[in-house]
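Engineer: Sharing a structure below in structure tokens format, with a few things to ask.
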Amino acid sequence: MRFLLDDEQREFARSLDGMLTASETPTAVRAWAAGDTTPGRALWSRLAEAGVFALAVPERHDGLGPRPVELAVAFTELGRHAVPGPLVETVAAAALLDRIDGSGAEGAAAAWLPQIASGKAAVSLCVPVAGSPYALDPDTADAVLLVEGDTVRLAETAGPVQPSADPARRLARPLGGSVLARGPAVAAAAAHAAEVAALATAAQSLGLGRALLDRTVEYVTQRTQFGVAIGSFQAVKHRLADTLIALDFAQPLLHSAALALAEGPDHGSAEVAAAKVTAGEAAYAAARTALQLHGAVGYTEELDLALWIRKARPLRDAWGTPAACRARALAP
């Protein structure tokens with residue numbers, strides 16, 4: 001099994017990195033947290049033009065996918081740049097609609113999948129059996145899908161917004177709504193959608209951890225104490241090395257999970273769980289390292305670093321807590 005990316009996939013990652021670097025994502029994140037989604041939706045449109053959302057949509061609905069490996073590549077870059085919005089939920093919703101297409105939900109798939117592929121629709125998704133009763137950013141999404149047992153509903157309202165460690169992540173319970181599909185196929189489709197969401201979240205965590213490590217290395221080479229850069233201290237070197245090793249260990253697990261999902265929707269559960277827990281824990285450790293080595297300045301809201309630090313814990317727990325992922329990865 002090949003875990004290395006090919007030239008086309010690496011170029012795709014470089015192009016996304018270049019585009020997002022030039023897009024002032026910290027401004028979009030702060031605006032999103034304040035309730036202004038205009039910069040974030042503009043960024044969303046550029047990502048759609050790059051083909052990010054089409055990777056989760058089948059060709060018969062104007063997409064390019066499903067292509068889990070390329071999705072993992074894209075979401076690593078989205079995590080690296082802390083892009084806000086229900087990105088994971090939108091591609092997971094596409095996977096759900098694709099699986100229930102032909103199970104009484106042909107109209108819903110035909111209506112929403114082309115819009116997801118083109119970036120015209122941001123869709124949030126709530127699958128309570130996957131671990132959380134909340135949907136991400138339901139107040140800004142164009143649609144919210146709620147899975148209840150063997151039923152998929154298009155939620156009409158949402159409850160009060162719940163606080164999050166990341167101000168740019170607004171959580172609320174979706175309430176009621178019209179039925180899109182009902183039947184035994186829904187449970188399998190929801191399980192597959194949760195796997196796609198876990199893979200994308202793991203990729204986001206990996207990119208987030210890489211960004212935190214890069215920013216911390218840059219800082220410790222500039223900050224001086226006793227006349228020398230603090231990056232020359234052995235304790236600092238060891239802390240950074242441990243962070244790098246954890247992230248490097250997570251990357252092949254992420255690629256392995258993406259390859260397993262690419263084999264078919266009924267593959268990859270254990271691999272995805274292993275990637276999710278490893279990448280999530282590595283990113284959380286990177287956030288703690290960044291905070292410790294930046295010192296008091298790391299706590300300030302004015303420093304862009306805080307936008308990355310505050311995402312680490314929510315991403316670690318979203319779409320599968322560490323305990324739940326370990327149990328799935330170790331299940332016989």
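All residue names refer to the structure tokens as shown: chains lettered A, B, ... in order, residues numbered from 1 in each chain, ligands numbered from 1 in order.
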Considering only C-alpha atoms, return as a PyMOL selection string whatever protein or nucleic-acid residues lie within 6 Å of stretch 70-87 of chain A, sequence-local ones (same chain, fewer than 2 positions apart) excluded.

Structural biologist: chain A and resi 29+67-68+89-90+124+136+200+203-204+207-208+211

Engineer: Give me every helix (DSSP H, G or I) residue in stretch 76-325 of chain A, going by DSSP on the backbone, as number ranges by chain.

Structural biologist: A: 76-80, 87-100, 106-118, 128-130, 184-222, 230-232, 234-262, 269-299, 305-317, 322-325

Engineer: What is the distance, in Å and to one decimal place, between atom CA of A:Leu180 and atom CA of A:Asp150?

Structural biologist: 10.9 Å

Engineer: Using only C-alpha atoms, can you tell me which of A:Thr321, A:Ser164, A:Ser45, A:Thr289 comes closest to A:Ala235?

Structural biologist: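 Closest candidate: A:Thr289.
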
Engineer: Could you tell me, as number ranges by chain, which residues of stretch 37-257 of chain A DSSP assigns to strand (DSSP E or B) when given the backbone?

Structural biologist: A: 58, 65, 123-126, 135-136, 143-148, 151-154, 157-158, 162, 171-172, 174-175, 178-182, 224-225, 228-229

Engineer: Can you write out the residues you just picked, keeping C-alpha atoms, as a compact mmCIF listing (two decimals), in the first residue's frame?

Structural biologist:
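Result file follows (part33.txt):
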# COMPACT_ATOMS: atom_id res chain seq x y z
CA PRO A 58 -20.18 11.85 -7.43
CA GLY A 65 -15.63 12.02 -6.45
CA VAL A 123 -24.67 22.18 4.61
CA SER A 124 -24.42 21.25 8.26
CA LEU A 125 -25.03 17.72 9.46
CA CYS A 126 -26.05 16.25 12.81
CA ALA A 135 -24.89 20.73 14.38
CA LEU A 136 -22.03 23.09 13.52
CA ALA A 143 -29.38 23.52 4.99
CA VAL A 144 -29.10 21.35 8.09
CA LEU A 145 -29.56 17.59 7.81
CA LEU A 146 -30.58 15.69 10.92
CA VAL A 147 -30.35 11.89 11.13
CA GLU A 148 -32.71 10.27 13.63
CA THR A 151 -34.86 8.94 9.07
CA VAL A 152 -33.10 11.93 7.52
CA ARG A 153 -34.77 15.28 8.05
CA LEU A 154 -34.17 18.74 6.65
CA THR A 157 -34.97 25.45 13.18
CA ALA A 158 -32.15 25.20 15.69
CA GLN A 162 -23.87 26.57 22.73
CA LEU A 171 -23.10 24.67 17.94
CA ALA A 172 -26.86 24.23 18.24
CA PRO A 174 -31.35 21.11 15.03
CA LEU A 175 -35.08 20.77 15.66
CA SER A 178 -39.43 17.62 6.81
CA VAL A 179 -38.45 14.02 6.02
CA LEU A 180 -35.99 13.57 3.15
CA ALA A 181 -35.55 9.80 3.38
CA ARG A 182 -36.60 6.95 5.61
CA THR A 224 15.94 35.47 23.21
CA GLN A 225 16.72 34.85 26.85
CA VAL A 228 20.53 33.49 23.12
CA ALA A 229 17.47 32.23 21.24

Engineer: Leaving out A:Asp248 and any residue of its chain fewer than 5 positions from it, which residues lie within 10 Å of it when counting only C-alpha atoms, given as an mmCIF file with all heavy atoms, in the first residue's frame?

Structural biologist:
data_model
loop_
_atom_site.group_PDB
_atom_site.id
_atom_site.type_symbol
_atom_site.label_atom_id
_atom_site.label_comp_id
_atom_site.auth_asym_id
_atom_site.auth_seq_id
_atom_site.Cartn_x
_atom_site.Cartn_y
_atom_site.Cartn_z
ATOM 1 N N LEU A 206 -4.408 17.431 11.627
ATOM 2 C CA LEU A 206 -3.012 17.309 11.212
ATOM 3 C C LEU A 206 -2.495 18.633 10.675
ATOM 4 O O LEU A 206 -1.398 19.080 11.036
ATOM 5 C CB LEU A 206 -2.881 16.214 10.158
ATOM 6 C CG LEU A 206 -1.463 15.997 9.595
ATOM 7 C CD1 LEU A 206 -0.508 15.577 10.698
ATOM 8 C CD2 LEU A 206 -1.484 14.957 8.477
ATOM 9 N N ARG A 210 0.476 21.039 12.266
ATOM 10 C CA ARG A 210 1.639 21.470 11.480
ATOM 11 C C ARG A 210 1.807 22.987 11.557
ATOM 12 O O ARG A 210 2.923 23.505 11.696
ATOM 13 C CB ARG A 210 1.464 21.052 10.019
ATOM 14 C CG ARG A 210 1.441 19.555 9.770
ATOM 15 C CD ARG A 210 2.816 18.961 9.820
ATOM 16 N NE ARG A 210 2.837 17.588 9.307
ATOM 17 C CZ ARG A 210 3.791 16.732 9.569
ATOM 18 N NH1 ARG A 210 4.814 17.084 10.353
ATOM 19 N NH2 ARG A 210 3.764 15.502 9.077
ATOM 20 N N ASP A 242 9.291 16.135 20.127
ATOM 21 C CA ASP A 242 8.165 15.253 20.469
ATOM 22 C C ASP A 242 6.919 15.621 19.671
ATOM 23 O O ASP A 242 6.179 14.746 19.205
ATOM 24 C CB ASP A 242 7.861 15.348 21.967
ATOM 25 C CG ASP A 242 8.928 14.690 22.825
ATOM 26 O OD1 ASP A 242 9.722 13.895 22.281
ATOM 27 O OD2 ASP A 242 8.968 14.979 24.044
ATOM 28 N N THR A 243 6.682 16.909 19.499
ATOM 29 C CA THR A 243 5.529 17.367 18.728
ATOM 30 C C THR A 243 5.659 16.952 17.270
ATOM 31 O O THR A 243 4.685 16.478 16.659
ATOM 32 C CB THR A 243 5.399 18.897 18.835
ATOM 33 O OG1 THR A 243 5.291 19.271 20.215
ATOM 34 C CG2 THR A 243 4.188 19.404 18.074
ATOM 35 N N LEU A 253 -0.991 7.366 8.993
ATOM 36 C CA LEU A 253 -2.259 6.794 9.425
ATOM 37 C C LEU A 253 -3.423 7.475 8.711
ATOM 38 O O LEU A 253 -4.408 6.826 8.334
ATOM 39 C CB LEU A 253 -2.417 6.930 10.938
ATOM 40 C CG LEU A 253 -1.474 6.089 11.797
ATOM 41 C CD1 LEU A 253 -1.737 6.350 13.274
ATOM 42 C CD2 LEU A 253 -1.616 4.609 11.488
ATOM 43 N N ALA A 279 -4.183 11.890 15.055
ATOM 44 C CA ALA A 279 -4.046 13.265 14.579
ATOM 45 C C ALA A 279 -4.616 14.257 15.588
ATOM 46 O O ALA A 279 -4.039 15.328 15.821
ATOM 47 C CB ALA A 279 -4.742 13.427 13.227
ATOM 48 N N ALA A 282 -2.221 14.562 18.502
ATOM 49 C CA ALA A 282 -0.993 15.245 18.080
ATOM 50 C C ALA A 282 -1.224 16.747 17.958
ATOM 51 O O ALA A 282 -0.377 17.562 18.350
ATOM 52 C CB ALA A 282 -0.505 14.671 16.755
#

Engineer: Just checking: using only C-alpha atoms, which residue out of A:Ser15, A:Thr216, A:Ser205, A:Thr300 ends up closest to A:Val277?

Structural biologist: A:Ser205

Engineer: Check the smallest atom-to-atom distance from each of A:Arg170, A:His61, A:Lys276, A:Arg30 to A:Ala318 using only C-alpha atoms, then report the winner.

Structural biologist: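 The answer is A:Lys276, which sits nearest to A:Ala318.
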
Engineer: Please measure the separation of atom CA of A:Asp266 and atom CA of A:Val196, giving the value in Å to one decimal.

Structural biologist: 11.5 Å

Engineer: Between atom CA of A:Pro26 and atom CA of A:Lys237, what distance in Å does the model show, to one decimal?

Structural biologist: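 Value for the atom CA of A:Pro26-atom CA of A:Lys237 distance: 28.0 Å.
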
Engineer: Taking only C-alpha atoms into account, name the residue in A:Asp166, A:Asp98, A:Glu218, A:Asp139 that is nearest to A:Val186.

Structural biologist: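 Among the listed residues, A:Asp98 lies closest to A:Val186.
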